[in-house]
Each structure stands twice: as C-alpha cells, then as structure tokens.
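Okay, data.pdb now, which holds PDB, C-alpha atoms:
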```pdb
ATOM      1  CA  SER Y 113     -36.717  38.955  -2.055  1.00  0.00           C
ATOM      2  CA  PHE Y 114     -34.825  42.135  -2.895  1.00  0.00           C
ATOM      3  CA  LYS Y 115     -33.521  40.657  -6.171  1.00  0.00           C
ATOM      4  CA  THR Y 116     -37.064  39.761  -7.261  1.00  0.00           C
ATOM      5  CA  PHE Y 117     -38.199  43.265  -6.375  1.00  0.00           C
ATOM      6  CA  MET Y 118     -35.346  44.760  -8.409  1.00  0.00           C
ATOM      7  CA  ASP Y 119     -36.019  42.448 -11.364  1.00  0.00           C
ATOM      8  CA  SER Y 120     -39.651  43.580 -11.412  1.00  0.00           C
ATOM      9  CA  TRP Y 121     -38.575  47.118 -12.332  1.00  0.00           C
ATOM     10  CA  PRO Y 122     -38.626  47.829 -16.066  1.00  0.00           C
ATOM     11  CA  ASN Y 123     -35.443  47.649 -18.136  1.00  0.00           C
ATOM     12  CA  ARG Y 124     -32.447  49.352 -16.460  1.00  0.00           C
ATOM     13  CA  SER Y 125     -34.394  51.639 -14.120  1.00  0.00           C
ATOM     14  CA  PRO Y 126     -32.664  50.277 -10.958  1.00  0.00           C
ATOM     15  CA  GLY Y 127     -29.254  51.204 -12.366  1.00  0.00           C
ATOM     16  CA  TRP Y 128     -30.388  54.706 -13.340  1.00  0.00           C
ATOM     17  CA  LEU Y 129     -32.097  55.269  -9.971  1.00  0.00           C
ATOM     18  CA  PHE Y 130     -29.036  54.229  -7.989  1.00  0.00           C
ATOM     19  CA  MET Y 131     -26.854  56.280 -10.309  1.00  0.00           C
ATOM     20  CA  SER Y 132     -28.902  59.442  -9.793  1.00  0.00           C
ATOM     21  CA  ALA Y 133     -28.948  59.011  -5.991  1.00  0.00           C
ATOM     22  CA  LEU Y 134     -25.208  58.343  -5.813  1.00  0.00           C
ATOM     23  CA  ALA Y 135     -24.378  61.184  -8.198  1.00  0.00           C
ATOM     24  CA  LEU Y 136     -26.372  63.558  -5.992  1.00  0.00           C
ATOM     25  CA  ALA Y 137     -24.550  62.354  -2.875  1.00  0.00           C
ATOM     26  CA  CYS Y 138     -21.185  62.571  -4.645  1.00  0.00           C
ATOM     27  CA  LEU Y 139     -21.932  66.075  -5.915  1.00  0.00           C
ATOM     28  CA  ALA Y 140     -22.962  67.278  -2.461  1.00  0.00           C
ATOM     29  CA  SER Y 141     -19.841  65.772  -0.859  1.00  0.00           C
ATOM     30  CA  VAL Y 142     -17.423  67.212  -3.396  1.00  0.00           C
ATOM     31  CA  VAL Y 143     -19.046  70.662  -3.367  1.00  0.00           C
ATOM     32  CA  ASP Y 144     -18.905  70.646   0.425  1.00  0.00           C
ATOM     33  CA  LEU Y 145     -15.195  69.800   0.310  1.00  0.00           C
ATOM     34  CA  PHE Y 146     -14.523  72.409  -2.356  1.00  0.00           C
ATOM     35  CA  LYS Y 147     -16.269  75.194  -0.427  1.00  0.00           C
ATOM     36  CA  ASN Y 148     -15.126  74.362   3.101  1.00  0.00           C
ATOM     37  CA  TRP Y 149     -11.716  72.712   2.940  1.00  0.00           C
ATOM     38  CA  GLU Y 150      -9.860  75.941   3.730  1.00  0.00           C
ATOM     39  CA  SER Y 151     -11.824  76.671   6.901  1.00  0.00           C
ATOM     40  CA  THR Y 152     -11.850  73.080   8.129  1.00  0.00           C
ATOM     41  CA  SER Y 153      -8.134  72.464   7.549  1.00  0.00           C
ATOM     42  CA  LYS Y 154      -6.768  75.523   9.364  1.00  0.00           C
ATOM     43  CA  ASP Y 155      -5.681  73.433  12.332  1.00  0.00           C
ATOM     44  CA  SER Y 156      -4.211  70.658  10.165  1.00  0.00           C
ATOM     45  CA  PRO Y 157      -1.121  71.525   8.094  1.00  0.00           C
ATOM     46  CA  TYR Y 158      -1.383  68.120   6.368  1.00  0.00           C
ATOM     47  CA  LEU Y 159      -4.946  68.708   5.146  1.00  0.00           C
ATOM     48  CA  SER Y 160      -4.152  72.290   4.214  1.00  0.00           C
ATOM     49  CA  GLU Y 161      -1.190  71.176   2.128  1.00  0.00           C
ATOM     50  CA  LEU Y 162      -3.100  68.236   0.595  1.00  0.00           C
ATOM     51  CA  TYR Y 163      -6.101  70.228  -0.593  1.00  0.00           C
ATOM     52  CA  GLY Y 164      -3.957  73.211  -1.467  1.00  0.00           C
ATOM     53  CA  ARG Y 165      -2.225  71.110  -4.115  1.00  0.00           C
ATOM     54  CA  VAL Y 166      -5.531  70.079  -5.735  1.00  0.00           C
ATOM     55  CA  THR Y 167      -5.925  72.161  -8.875  1.00  0.00           C
ATOM     56  CA  HIS Y 168      -9.036  74.177  -9.585  1.00  0.00           C
ATOM     57  CA  ALA Y 169      -9.484  72.234 -12.840  1.00  0.00           C
ATOM     58  CA  GLU Y 170      -9.703  68.964 -10.892  1.00  0.00           C
ATOM     59  CA  TRP Y 171     -12.466  70.317  -8.654  1.00  0.00           C
ATOM     60  CA  VAL Y 172     -14.348  71.694 -11.641  1.00  0.00           C
ATOM     61  CA  PHE Y 173     -14.022  68.438 -13.600  1.00  0.00           C
ATOM     62  CA  GLN Y 174     -15.348  66.273 -10.765  1.00  0.00           C
ATOM     63  CA  ILE Y 175     -18.207  68.666 -10.015  1.00  0.00           C
ATOM     64  CA  PHE Y 176     -19.056  68.902 -13.735  1.00  0.00           C
ATOM     65  CA  VAL Y 177     -19.184  65.113 -14.176  1.00  0.00           C
ATOM     66  CA  ALA Y 178     -21.418  64.645 -11.117  1.00  0.00           C
ATOM     67  CA  SER Y 179     -23.613  67.573 -12.210  1.00  0.00           C
ATOM     68  CA  PHE Y 180     -23.926  66.102 -15.698  1.00  0.00           C
ATOM     69  CA  THR Y 181     -24.675  62.599 -14.424  1.00  0.00           C
ATOM     70  CA  LEU Y 182     -27.412  63.622 -11.996  1.00  0.00           C
ATOM     71  CA  PRO Y 183     -30.027  65.056 -14.439  1.00  0.00           C
ATOM     72  CA  VAL Y 184     -29.222  62.463 -17.111  1.00  0.00           C
ATOM     73  CA  ALA Y 185     -29.676  59.557 -14.694  1.00  0.00           C
ATOM     74  CA  ALA Y 186     -32.826  61.108 -13.212  1.00  0.00           C
ATOM     75  CA  ALA Y 187     -34.302  61.629 -16.687  1.00  0.00           C
ATOM     76  CA  PHE Y 188     -33.634  58.029 -17.740  1.00  0.00           C
ATOM     77  CA  SER Y 189     -35.081  56.799 -14.431  1.00  0.00           C
ATOM     78  CA  LEU Y 190     -38.340  58.663 -15.042  1.00  0.00           C
ATOM     79  CA  VAL Y 191     -38.516  57.500 -18.655  1.00  0.00           C
ATOM     80  CA  GLU Y 192     -37.963  53.877 -17.654  1.00  0.00           C
ATOM     81  CA  LEU Y 193     -40.510  53.952 -14.831  1.00  0.00           C
ATOM     82  CA  PHE Y 194     -43.321  55.850 -16.543  1.00  0.00           C
ATOM     83  CA  ARG Y 195     -43.056  54.697 -20.152  1.00  0.00           C
ATOM     84  CA  VAL Y 196     -46.296  53.051 -21.315  1.00  0.00           C
ATOM     85  CA  SER Y 197     -46.193  50.604 -24.205  1.00  0.00           C
ATOM     86  CA  ARG Y 198     -48.801  50.463 -26.939  1.00  0.00           C
ATOM     87  CA  ILE Y 199     -50.466  47.405 -25.466  1.00  0.00           C
ATOM     88  CA  ASP Y 200     -49.981  48.445 -21.814  1.00  0.00           C
ATOM     89  CA  ILE Y 201     -48.467  45.069 -21.028  1.00  0.00           C
ATOM     90  CA  GLU Y 202     -44.725  45.191 -21.625  1.00  0.00           C
ATOM     91  CA  ASN Y 203     -42.476  48.191 -21.033  1.00  0.00           C
ATOM     92  CA  THR Y 204     -40.467  48.186 -24.251  1.00  0.00           C
ATOM     93  CA  LYS Y 205     -38.164  50.706 -25.871  1.00  0.00           C
ATOM     94  CA  SER Y 206     -37.264  51.519 -29.455  1.00  0.00           C
ATOM     95  CA  ASP Y 207     -33.953  50.740 -31.140  1.00  0.00           C
ATOM     96  CA  ARG Y 208     -33.187  54.458 -31.311  1.00  0.00           C
ATOM     97  CA  GLU Y 209     -33.678  54.863 -27.577  1.00  0.00           C
ATOM     98  CA  ASN Y 210     -31.473  51.829 -26.913  1.00  0.00           C
ATOM     99  CA  ILE Y 211     -28.694  53.354 -29.025  1.00  0.00           C
ATOM    100  CA  ILE Y 212     -29.013  56.720 -27.257  1.00  0.00           C
ATOM    101  CA  GLU Y 213     -28.943  55.007 -23.871  1.00  0.00           C
ATOM    102  CA  GLY Y 214     -25.845  53.023 -24.805  1.00  0.00           C
ATOM    103  CA  PHE Y 215     -24.079  56.158 -26.076  1.00  0.00           C
ATOM    104  CA  ILE Y 216     -24.899  58.072 -22.872  1.00  0.00           C
ATOM    105  CA  LEU Y 217     -23.684  55.194 -20.700  1.00  0.00           C
ATOM    106  CA  LEU Y 218     -20.447  54.954 -22.691  1.00  0.00           C
ATOM    107  CA  LEU Y 219     -19.958  58.707 -22.259  1.00  0.00           C
ATOM    108  CA  LEU Y 220     -20.538  58.421 -18.497  1.00  0.00           C
ATOM    109  CA  VAL Y 221     -18.039  55.562 -18.244  1.00  0.00           C
ATOM    110  CA  MET Y 222     -15.473  57.662 -20.116  1.00  0.00           C
ATOM    111  CA  PHE Y 223     -16.124  60.506 -17.644  1.00  0.00           C
ATOM    112  CA  TRP Y 224     -16.160  58.580 -14.380  1.00  0.00           C
ATOM    113  CA  ILE Y 225     -13.104  56.382 -14.907  1.00  0.00           C
ATOM    114  CA  PRO Y 226     -10.755  59.428 -15.155  1.00  0.00           C
ATOM    115  CA  VAL Y 227     -12.608  61.034 -12.231  1.00  0.00           C
ATOM    116  CA  VAL Y 228     -12.103  58.060  -9.919  1.00  0.00           C
ATOM    117  CA  ILE Y 229      -8.472  57.665 -11.001  1.00  0.00           C
ATOM    118  CA  ILE Y 230      -7.587  61.332 -10.499  1.00  0.00           C
ATOM    119  CA  ALA Y 231      -9.732  62.160  -7.480  1.00  0.00           C
ATOM    120  CA  THR Y 232      -9.219  59.089  -5.278  1.00  0.00           C
ATOM    121  CA  THR Y 233      -5.497  58.507  -5.785  1.00  0.00           C
ATOM    122  CA  PRO Y 234      -3.113  60.082  -3.237  1.00  0.00           C
ATOM    123  CA  GLY Y 235      -3.169  63.847  -3.621  1.00  0.00           C
ATOM    124  CA  GLY Y 236      -6.589  63.896  -5.265  1.00  0.00           C
ATOM    125  CA  SER Y 237      -9.595  65.887  -4.147  1.00  0.00           C
ATOM    126  CA  SER Y 238     -11.348  62.766  -2.801  1.00  0.00           C
ATOM    127  CA  SER Y 239      -8.276  60.778  -1.791  1.00  0.00           C
ATOM    128  CA  LEU Y 240      -9.022  60.805   1.930  1.00  0.00           C
ATOM    129  CA  VAL Y 241     -11.415  58.168   3.231  1.00  0.00           C
ATOM    130  CA  GLY Y 242     -14.741  59.941   3.608  1.00  0.00           C
ATOM    131  CA  ASN Y 243     -18.026  60.692   1.880  1.00  0.00           C
ATOM    132  CA  ALA Y 244     -16.470  62.041  -1.329  1.00  0.00           C
ATOM    133  CA  TYR Y 245     -14.141  59.037  -1.597  1.00  0.00           C
ATOM    134  CA  PHE Y 246     -16.850  56.416  -1.139  1.00  0.00           C
ATOM    135  CA  PHE Y 247     -19.523  58.131  -3.219  1.00  0.00           C
ATOM    136  CA  THR Y 248     -17.073  58.694  -6.084  1.00  0.00           C
ATOM    137  CA  TRP Y 249     -16.221  54.993  -6.109  1.00  0.00           C
ATOM    138  CA  PHE Y 250     -19.845  53.844  -5.691  1.00  0.00           C
ATOM    139  CA  THR Y 251     -21.060  56.076  -8.522  1.00  0.00           C
ATOM    140  CA  THR Y 252     -18.289  54.866 -10.842  1.00  0.00           C
ATOM    141  CA  ILE Y 253     -19.091  51.223 -10.077  1.00  0.00           C
ATOM    142  CA  VAL Y 254     -22.824  51.718 -10.702  1.00  0.00           C
ATOM    143  CA  VAL Y 255     -22.118  53.540 -13.988  1.00  0.00           C
ATOM    144  CA  ILE Y 256     -19.884  50.704 -15.198  1.00  0.00           C
ATOM    145  CA  GLU Y 257     -22.330  48.017 -14.017  1.00  0.00           C
ATOM    146  CA  THR Y 258     -25.226  49.715 -15.809  1.00  0.00           C
ATOM    147  CA  PHE Y 259     -23.165  49.951 -18.999  1.00  0.00           C
ATOM    148  CA  VAL Y 260     -22.270  46.249 -18.757  1.00  0.00           C
ATOM    149  CA  TRP Y 261     -25.986  45.543 -18.234  1.00  0.00           C
ATOM    150  CA  TRP Y 262     -26.777  47.467 -21.421  1.00  0.00           C
ATOM    151  CA  ILE Y 263     -24.105  45.543 -23.369  1.00  0.00           C
ATOM    152  CA  ARG Y 264     -25.523  42.230 -22.128  1.00  0.00           C
ATOM    153  CA  ASP Y 265     -29.057  43.203 -23.192  1.00  0.00           C
ATOM    154  CA  TRP Y 266     -27.760  44.520 -26.518  1.00  0.00           C
ATOM    155  CA  ARG Y 267     -26.026  41.205 -27.250  1.00  0.00           C
ATOM    156  CA  LYS Y 268     -29.187  39.356 -26.217  1.00  0.00           C
ATOM    157  CA  GLY Y 269     -31.186  41.521 -28.630  1.00  0.00           C
ATOM    158  CA  ILE Y 270     -28.794  40.736 -31.482  1.00  0.00           C
ATOM    159  CA  HIS Y 271     -29.031  37.029 -30.667  1.00  0.00           C
ATOM    160  CA  GLU Y 272     -32.835  37.271 -30.716  1.00  0.00           C
ATOM    161  CA  VAL Y 273     -32.798  38.991 -34.131  1.00  0.00           C
ATOM    162  CA  VAL Y 274     -30.484  36.292 -35.538  1.00  0.00           C
ATOM    163  CA  ARG Y 275     -32.716  33.565 -34.085  1.00  0.00           C
ATOM    164  CA  MET Y 276     -35.826  35.131 -35.635  1.00  0.00           C
ATOM    165  CA  GLN Y 277     -34.074  35.388 -39.013  1.00  0.00           C
ATOM    166  CA  GLU Y 278     -33.061  31.733 -38.800  1.00  0.00           C
ATOM    167  CA  GLU Y 279     -36.640  30.730 -37.984  1.00  0.00           C
ATOM    168  CA  GLU Y 280     -37.921  32.796 -40.901  1.00  0.00           C
ATOM    169  CA  TYR Y 281     -35.378  31.155 -43.192  1.00  0.00           C
ATOM    170  CA  ARG Y 282     -36.409  27.653 -42.019  1.00  0.00           C
ATOM    171  CA  ARG Y 283     -40.087  28.542 -42.451  1.00  0.00           C
ATOM    172  CA  ALA Y 284     -39.448  29.800 -45.996  1.00  0.00           C
ATOM    173  CA  GLN Y 285     -37.410  26.668 -46.698  1.00  0.00           C
ATOM    174  CA  ARG Y 286     -40.278  24.442 -45.513  1.00  0.00           C
ATOM    175  CA  ASP Y 287     -42.721  26.424 -47.660  1.00  0.00           C
ATOM    176  CA  VAL Y 288     -40.524  25.944 -50.733  1.00  0.00           C
ATOM    177  CA  ILE Y 289     -40.187  22.201 -50.083  1.00  0.00           C
ATOM    178  CA  ARG Y 290     -43.953  21.843 -49.538  1.00  0.00           C
ATOM    179  CA  LYS Y 291     -44.762  23.759 -52.728  1.00  0.00           C
ATOM    180  CA  HIS Y 292     -42.220  21.669 -54.639  1.00  0.00           C
ATOM    181  CA  LYS Y 293     -43.844  18.470 -53.389  1.00  0.00           C
ATOM    182  CA  GLN Y 294     -47.287  19.803 -54.284  1.00  0.00           C
ATOM    183  CA  ARG Y 295     -46.139  20.664 -57.820  1.00  0.00           C
ATOM    184  CA  LYS Y 296     -44.481  17.279 -58.155  1.00  0.00           C
ATOM    185  CA  LYS Y 297     -47.640  15.539 -56.952  1.00  0.00           C
ATOM    186  CA  ALA Y 298     -49.814  17.610 -59.285  1.00  0.00           C
ATOM    187  CA  ALA Y 299     -47.507  16.822 -62.214  1.00  0.00           C
ATOM    188  CA  ALA Y 300     -47.679  13.113 -61.403  1.00  0.00           C
ATOM    189  CA  GLU Y 301     -51.475  13.250 -61.236  1.00  0.00           C
ATOM    190  CA  ASP Y 302     -51.621  15.126 -64.560  1.00  0.00           C
ATOM    191  CA  ALA Y 303     -49.359  12.541 -66.146  1.00  0.00           C
ATOM    192  CA  LYS Y 304     -51.498   9.733 -64.790  1.00  0.00           C
ATOM    193  CA  ALA Y 305     -54.683  11.409 -66.053  1.00  0.00           C
ATOM    194  CA  ALA Y 306     -53.141  11.947 -69.500  1.00  0.00           C
ATOM    195  CA  LYS Y 307     -52.106   8.295 -69.643  1.00  0.00           C
ATOM    196  CA  ASN Y 308     -55.609   7.138 -68.732  1.00  0.00           C
ATOM    197  CA  GLN Y 309     -57.119   9.342 -71.430  1.00  0.00           C
ATOM    198  CA  SER Y 310     -54.751   7.953 -74.064  1.00  0.00           C
ATOM    199  CA  ASN Y 311     -55.776   4.415 -73.146  1.00  0.00           C
TER     200      ASN Y 311
END
```
File written out as structure tokens:
Amino acid sequence: SFKTFMDSWPNRSPGWLFMSALALACLASVVDLFKNWESTSKDSPYLSELYGRVTHAEWVFQIFVASFTLPVAAAFSLVELFRVSRIDIENTKSDRENIIEGFILLLLVMFWIPVVIIATTPGGSSSLVGNAYFFTWFTTIVVIETFVWWIRDWRKGIHEVVRMQEEEYRRAQRDVIRKHKQRKKAAAEDAKAAKNQSN
C-alpha cells in the first residue's frame, strides 16, 4: 500500500520531499502573481484594488520564506535518501544532525505560520482561491506535520535512552547481588573449613 511504501523511506524523507515540491509550487505561484497581477487585473477593478493594497514587504516575505524552504527541504531530502550507515543496514543519524533538523523545522514553522495567516486572510496576497492559496496552505501543513513527526521521534528517542539506562541499572544491581551472594557463600565455606581444621 501507499502507507507501506512511505514507511519504507528512511527517517523523515517523505516529509522533506513533499515540503520541497510544495515549496517550489508555492514559490512559482506567488512569483507569478507578483509579476503579473497588474496586467491580469486591468479588466477587474476588484482584483486591481485587492492586489494594489498588498504591500511590497508582504510579497517579499512570502517569496523569501518559500525560497528559503525549497533548498533546505531539498538538501534534507537528499541527505535522508542517500545517507549510508557504517554497517550499510540501517539509515541512522547522529544526535547533532537530529538537533539541527529540529531547529530548522522549528524555524520553518515560525516562518510559515505568519505567512499563511497574513497571505491567505482577506486582503492578503494569496487570499483568493487559487494555486497560491492552496499551495501556501499545503506547504504550511506539511511543515507543521514534519515538525510534529520530529517531536514524536525525539520523545521516542528520549524514552529509549531512559529504558536503556534502567536496564543498565538493573543489570548492575543484579551483578552486585550476585557478587554479594558469592562473597557470602565464600565466607561461609571459609568459616566451615576453619571449623573443620580446628576440630
């Protein structure tokens, strides 16, 4: 099934791949609107007034966020897909890379939430139902979902570390108890041998 196919991809590569594709589509849609809204809205006073009220800073911010997301998502996609582990069996990543990935995802979430709020609300650059509107929303949703995915895996990793520490503690505890019993047994045998010698 499609879910099985997606689960077979390493780590969060599906999220990064979808993110890069959607960011590219969003960027193309917004740039197209930014460059052509004046010529396409000549016959529509409503569109001309709507886009005329959109500030230049809003266009620049949305284009910047999509432009920033695209290479970052593409880079993480390639890293996830083509990373080779030491034993060539499991595609694993270091703690440092996990932290960097989480920081980047948090940064993207902090970028895209203001973008979707500003751009898709009435009067925004992507407020009309169309490519820019849908791709802005889709990209934001994928960014948030990928970040939630990272948080879930991060919590699972912490739980695994705690479990391993508990197992190590129990193993050390069993070793101490076994050594204590061995010493106690050896002391009892020494006492018995000393008593036999005295007799």
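Atom CA of Y:Phe173 lies 10.1 Å from atom CA of Y:Ile230.
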Hey, which bits of stretch 207-284 of chain Y sit within 12 Å of stretch 158-167 of chain Y, and for each residue what's the closest pair of atoms and how far apart in Å (one decimal), counting only C-alpha atoms, rows by chain and increasing number, as a tab-separated table?
```
residue	atom	partner	partner_atom	distance
Y:Ile230	CA	Y:Val166	CA	10.2
Y:Ala231	CA	Y:Val166	CA	9.1
Y:Thr232	CA	Y:Val166	CA	11.6
Y:Thr233	CA	Y:Val166	CA	11.6
Y:Pro234	CA	Y:Leu162	CA	9.0
Y:Gly235	CA	Y:Leu162	CA	6.1
Y:Gly236	CA	Y:Val166	CA	6.3
Y:Ser237	CA	Y:Val166	CA	6.1
Y:Ser238	CA	Y:Tyr163	CA	9.4
Y:Ser239	CA	Y:Leu162	CA	9.4
Y:Leu240	CA	Y:Leu159	CA	9.5
```
Please evaluate the PyMOL selection byres ((chain Y and resi 131) around 8) against the structure above and give the resulting residues as JSON, numbers by chain.
{"Y": [127, 128, 129, 130, 132, 133, 134, 135, 181, 182, 185, 251, 254, 255]}
Take the residues from that selection and write them out as a compact mmCIF listing (two decimals), in the frame of the given file, keeping C-alpha atoms.
```txt
# COMPACT_ATOMS: atom_id res chain seq x y z
CA GLY Y 127 -29.25 51.20 -12.37
CA TRP Y 128 -30.39 54.71 -13.34
CA LEU Y 129 -32.10 55.27 -9.97
CA PHE Y 130 -29.04 54.23 -7.99
CA SER Y 132 -28.90 59.44 -9.79
CA ALA Y 133 -28.95 59.01 -5.99
CA LEU Y 134 -25.21 58.34 -5.81
CA ALA Y 135 -24.38 61.18 -8.20
CA THR Y 181 -24.68 62.60 -14.42
CA LEU Y 182 -27.41 63.62 -12.00
CA ALA Y 185 -29.68 59.56 -14.69
CA THR Y 251 -21.06 56.08 -8.52
CA VAL Y 254 -22.82 51.72 -10.70
CA VAL Y 255 -22.12 53.54 -13.99
```
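Considering the residues Y:Val273, Y:Ala187, Y:Leu217, Y:Val143 and counting all atoms listed in the file, Y:Thr252 has its shortest atom-to-atom contact with Y:Leu217.
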Correct to one decimal, the distance atom CA of Y:Phe247-atom CA of Y:Phe259 is 18.1 Å
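Using only C-alpha atoms for every distance, the candidate list Y:Asn243, Y:Pro226, Y:Lys205, Y:His292 yields Y:Asn243 as the residue closest to Y:Val142.
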Just want the 12 Å neighbourhood of Y:Lys147, counted on all atoms listed in the file, with same-chain residues fewer than 4 positions away dropped. Output as a PDB file with C-alpha atoms, in the frame of the given file.
```pdb
ATOM      1  CA  ALA Y 140     -22.962  67.278  -2.461  1.00  0.00           C
ATOM      2  CA  SER Y 141     -19.841  65.772  -0.859  1.00  0.00           C
ATOM      3  CA  VAL Y 142     -17.423  67.212  -3.396  1.00  0.00           C
ATOM      4  CA  VAL Y 143     -19.046  70.662  -3.367  1.00  0.00           C
ATOM      5  CA  SER Y 151     -11.824  76.671   6.901  1.00  0.00           C
ATOM      6  CA  THR Y 152     -11.850  73.080   8.129  1.00  0.00           C
ATOM      7  CA  SER Y 153      -8.134  72.464   7.549  1.00  0.00           C
ATOM      8  CA  TYR Y 163      -6.101  70.228  -0.593  1.00  0.00           C
ATOM      9  CA  HIS Y 168      -9.036  74.177  -9.585  1.00  0.00           C
ATOM     10  CA  TRP Y 171     -12.466  70.317  -8.654  1.00  0.00           C
ATOM     11  CA  VAL Y 172     -14.348  71.694 -11.641  1.00  0.00           C
ATOM     12  CA  ILE Y 175     -18.207  68.666 -10.015  1.00  0.00           C
TER      13      ILE Y 175
END
```
Using all atoms listed in the file, which residue out of Y:Ser179, Y:Gln174, Y:Ser156, Y:Asn210 lies closest to Y:Val228?
Y:Gln174
Could you check the closest approach to Y:Ile211 for each of Y:Leu139, Y:Ile263, Y:Leu193, Y:Ile225 and tell me which residue wins, using only C-alpha atoms?
Y:Ile263
Rounded to one decimal place, report the atom CA of Y:Leu190-atom CA of Y:Val227 distance in Å.
26.0 Å
Rank nothing, just name the residue among Y:Ala299, Y:Ala169, Y:Ala244, Y:Ile216 nearest to Y:Ile256, using all atoms listed in the file.
Y:Ile216
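Nearest to Y:Ala178 of all the residues Y:Leu145, Y:Trp224, Y:Ala305, Y:Arg290 is Y:Trp224, counting all atoms listed in the file.
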Stretch 179-196 of chain Y, all listed atoms, 5 Å padding on each side: what axis-aligned box centre and edge lengths in Å to one decimal come out, as AutoDock Vina command-line options?
```
--center_x -35.0 --center_y 60.3 --center_z -16.7 --size_x 32.7 --size_y 24.5 --size_z 19.3
```
Which residues, written as a PDB file with C-alpha atoms, in the coordinates of the input, have at least one atom at most 10 Å from Y:Leu218, with all atoms listed in the file counted and residues fewer than 2 positions away on the same chain left out?
```pdb
ATOM      1  CA  ILE Y 212     -29.013  56.720 -27.257  1.00  0.00           C
ATOM      2  CA  GLU Y 213     -28.943  55.007 -23.871  1.00  0.00           C
ATOM      3  CA  GLY Y 214     -25.845  53.023 -24.805  1.00  0.00           C
ATOM      4  CA  PHE Y 215     -24.079  56.158 -26.076  1.00  0.00           C
ATOM      5  CA  ILE Y 216     -24.899  58.072 -22.872  1.00  0.00           C
ATOM      6  CA  LEU Y 220     -20.538  58.421 -18.497  1.00  0.00           C
ATOM      7  CA  VAL Y 221     -18.039  55.562 -18.244  1.00  0.00           C
ATOM      8  CA  MET Y 222     -15.473  57.662 -20.116  1.00  0.00           C
ATOM      9  CA  PHE Y 223     -16.124  60.506 -17.644  1.00  0.00           C
ATOM     10  CA  VAL Y 255     -22.118  53.540 -13.988  1.00  0.00           C
ATOM     11  CA  ILE Y 256     -19.884  50.704 -15.198  1.00  0.00           C
ATOM     12  CA  THR Y 258     -25.226  49.715 -15.809  1.00  0.00           C
ATOM     13  CA  PHE Y 259     -23.165  49.951 -18.999  1.00  0.00           C
ATOM     14  CA  VAL Y 260     -22.270  46.249 -18.757  1.00  0.00           C
ATOM     15  CA  TRP Y 262     -26.777  47.467 -21.421  1.00  0.00           C
TER      16      TRP Y 262
END
```
Your completed stretch 260-278 of chain Y with N, CA and C atoms, as a PDB file, in the coordinates of the input:
```pdb
ATOM      1  N   VAL Y 260     -22.425  47.689 -18.489  1.00  0.00           N
ATOM      2  CA  VAL Y 260     -22.270  46.249 -18.757  1.00  0.00           C
ATOM      3  C   VAL Y 260     -23.638  45.596 -18.922  1.00  0.00           C
ATOM      4  N   TRP Y 261     -24.603  46.021 -18.123  1.00  0.00           N
ATOM      5  CA  TRP Y 261     -25.986  45.543 -18.234  1.00  0.00           C
ATOM      6  C   TRP Y 261     -26.544  45.856 -19.608  1.00  0.00           C
ATOM      7  N   TRP Y 262     -26.301  47.075 -20.090  1.00  0.00           N
ATOM      8  CA  TRP Y 262     -26.777  47.467 -21.421  1.00  0.00           C
ATOM      9  C   TRP Y 262     -26.118  46.609 -22.504  1.00  0.00           C
ATOM     10  N   ILE Y 263     -24.811  46.378 -22.382  1.00  0.00           N
ATOM     11  CA  ILE Y 263     -24.105  45.543 -23.369  1.00  0.00           C
ATOM     12  C   ILE Y 263     -24.690  44.132 -23.386  1.00  0.00           C
ATOM     13  N   ARG Y 264     -24.957  43.584 -22.216  1.00  0.00           N
ATOM     14  CA  ARG Y 264     -25.523  42.230 -22.128  1.00  0.00           C
ATOM     15  C   ARG Y 264     -26.892  42.167 -22.806  1.00  0.00           C
ATOM     16  N   ASP Y 265     -27.738  43.167 -22.549  1.00  0.00           N
ATOM     17  CA  ASP Y 265     -29.057  43.203 -23.192  1.00  0.00           C
ATOM     18  C   ASP Y 265     -28.946  43.437 -24.690  1.00  0.00           C
ATOM     19  N   TRP Y 266     -27.973  44.252 -25.086  1.00  0.00           N
ATOM     20  CA  TRP Y 266     -27.760  44.520 -26.518  1.00  0.00           C
ATOM     21  C   TRP Y 266     -27.352  43.243 -27.243  1.00  0.00           C
ATOM     22  N   ARG Y 267     -26.443  42.474 -26.651  1.00  0.00           N
ATOM     23  CA  ARG Y 267     -26.026  41.205 -27.250  1.00  0.00           C
ATOM     24  C   ARG Y 267     -27.194  40.223 -27.301  1.00  0.00           C
ATOM     25  N   LYS Y 268     -28.016  40.232 -26.238  1.00  0.00           N
ATOM     26  CA  LYS Y 268     -29.187  39.356 -26.217  1.00  0.00           C
ATOM     27  C   LYS Y 268     -30.163  39.743 -27.326  1.00  0.00           C
ATOM     28  N   GLY Y 269     -30.315  41.055 -27.558  1.00  0.00           N
ATOM     29  CA  GLY Y 269     -31.186  41.521 -28.630  1.00  0.00           C
ATOM     30  C   GLY Y 269     -30.692  41.086 -29.999  1.00  0.00           C
ATOM     31  N   ILE Y 270     -29.370  41.190 -30.207  1.00  0.00           N
ATOM     32  CA  ILE Y 270     -28.794  40.736 -31.482  1.00  0.00           C
ATOM     33  C   ILE Y 270     -29.017  39.243 -31.664  1.00  0.00           C
ATOM     34  N   HIS Y 271     -28.811  38.477 -30.591  1.00  0.00           N
ATOM     35  CA  HIS Y 271     -29.031  37.029 -30.667  1.00  0.00           C
ATOM     36  C   HIS Y 271     -30.483  36.715 -31.010  1.00  0.00           C
ATOM     37  N   GLU Y 272     -31.414  37.488 -30.445  1.00  0.00           N
ATOM     38  CA  GLU Y 272     -32.835  37.271 -30.716  1.00  0.00           C
ATOM     39  C   GLU Y 272     -33.165  37.571 -32.174  1.00  0.00           C
ATOM     40  N   VAL Y 273     -32.571  38.649 -32.722  1.00  0.00           N
ATOM     41  CA  VAL Y 273     -32.798  38.991 -34.131  1.00  0.00           C
ATOM     42  C   VAL Y 273     -32.273  37.888 -35.035  1.00  0.00           C
ATOM     43  N   VAL Y 274     -31.069  37.383 -34.737  1.00  0.00           N
ATOM     44  CA  VAL Y 274     -30.484  36.292 -35.538  1.00  0.00           C
ATOM     45  C   VAL Y 274     -31.359  35.049 -35.454  1.00  0.00           C
ATOM     46  N   ARG Y 275     -31.853  34.741 -34.258  1.00  0.00           N
ATOM     47  CA  ARG Y 275     -32.716  33.565 -34.085  1.00  0.00           C
ATOM     48  C   ARG Y 275     -34.007  33.704 -34.896  1.00  0.00           C
ATOM     49  N   MET Y 276     -34.597  34.901 -34.876  1.00  0.00           N
ATOM     50  CA  MET Y 276     -35.826  35.131 -35.635  1.00  0.00           C
ATOM     51  C   MET Y 276     -35.569  35.012 -37.133  1.00  0.00           C
ATOM     52  N   GLN Y 277     -34.414  35.511 -37.596  1.00  0.00           N
ATOM     53  CA  GLN Y 277     -34.074  35.388 -39.013  1.00  0.00           C
ATOM     54  C   GLN Y 277     -33.877  33.936 -39.410  1.00  0.00           C
ATOM     55  N   GLU Y 278     -33.244  33.159 -38.517  1.00  0.00           N
ATOM     56  CA  GLU Y 278     -33.061  31.733 -38.800  1.00  0.00           C
ATOM     57  C   GLU Y 278     -34.407  31.009 -38.868  1.00  0.00           C
TER      58      GLU Y 278
END
```
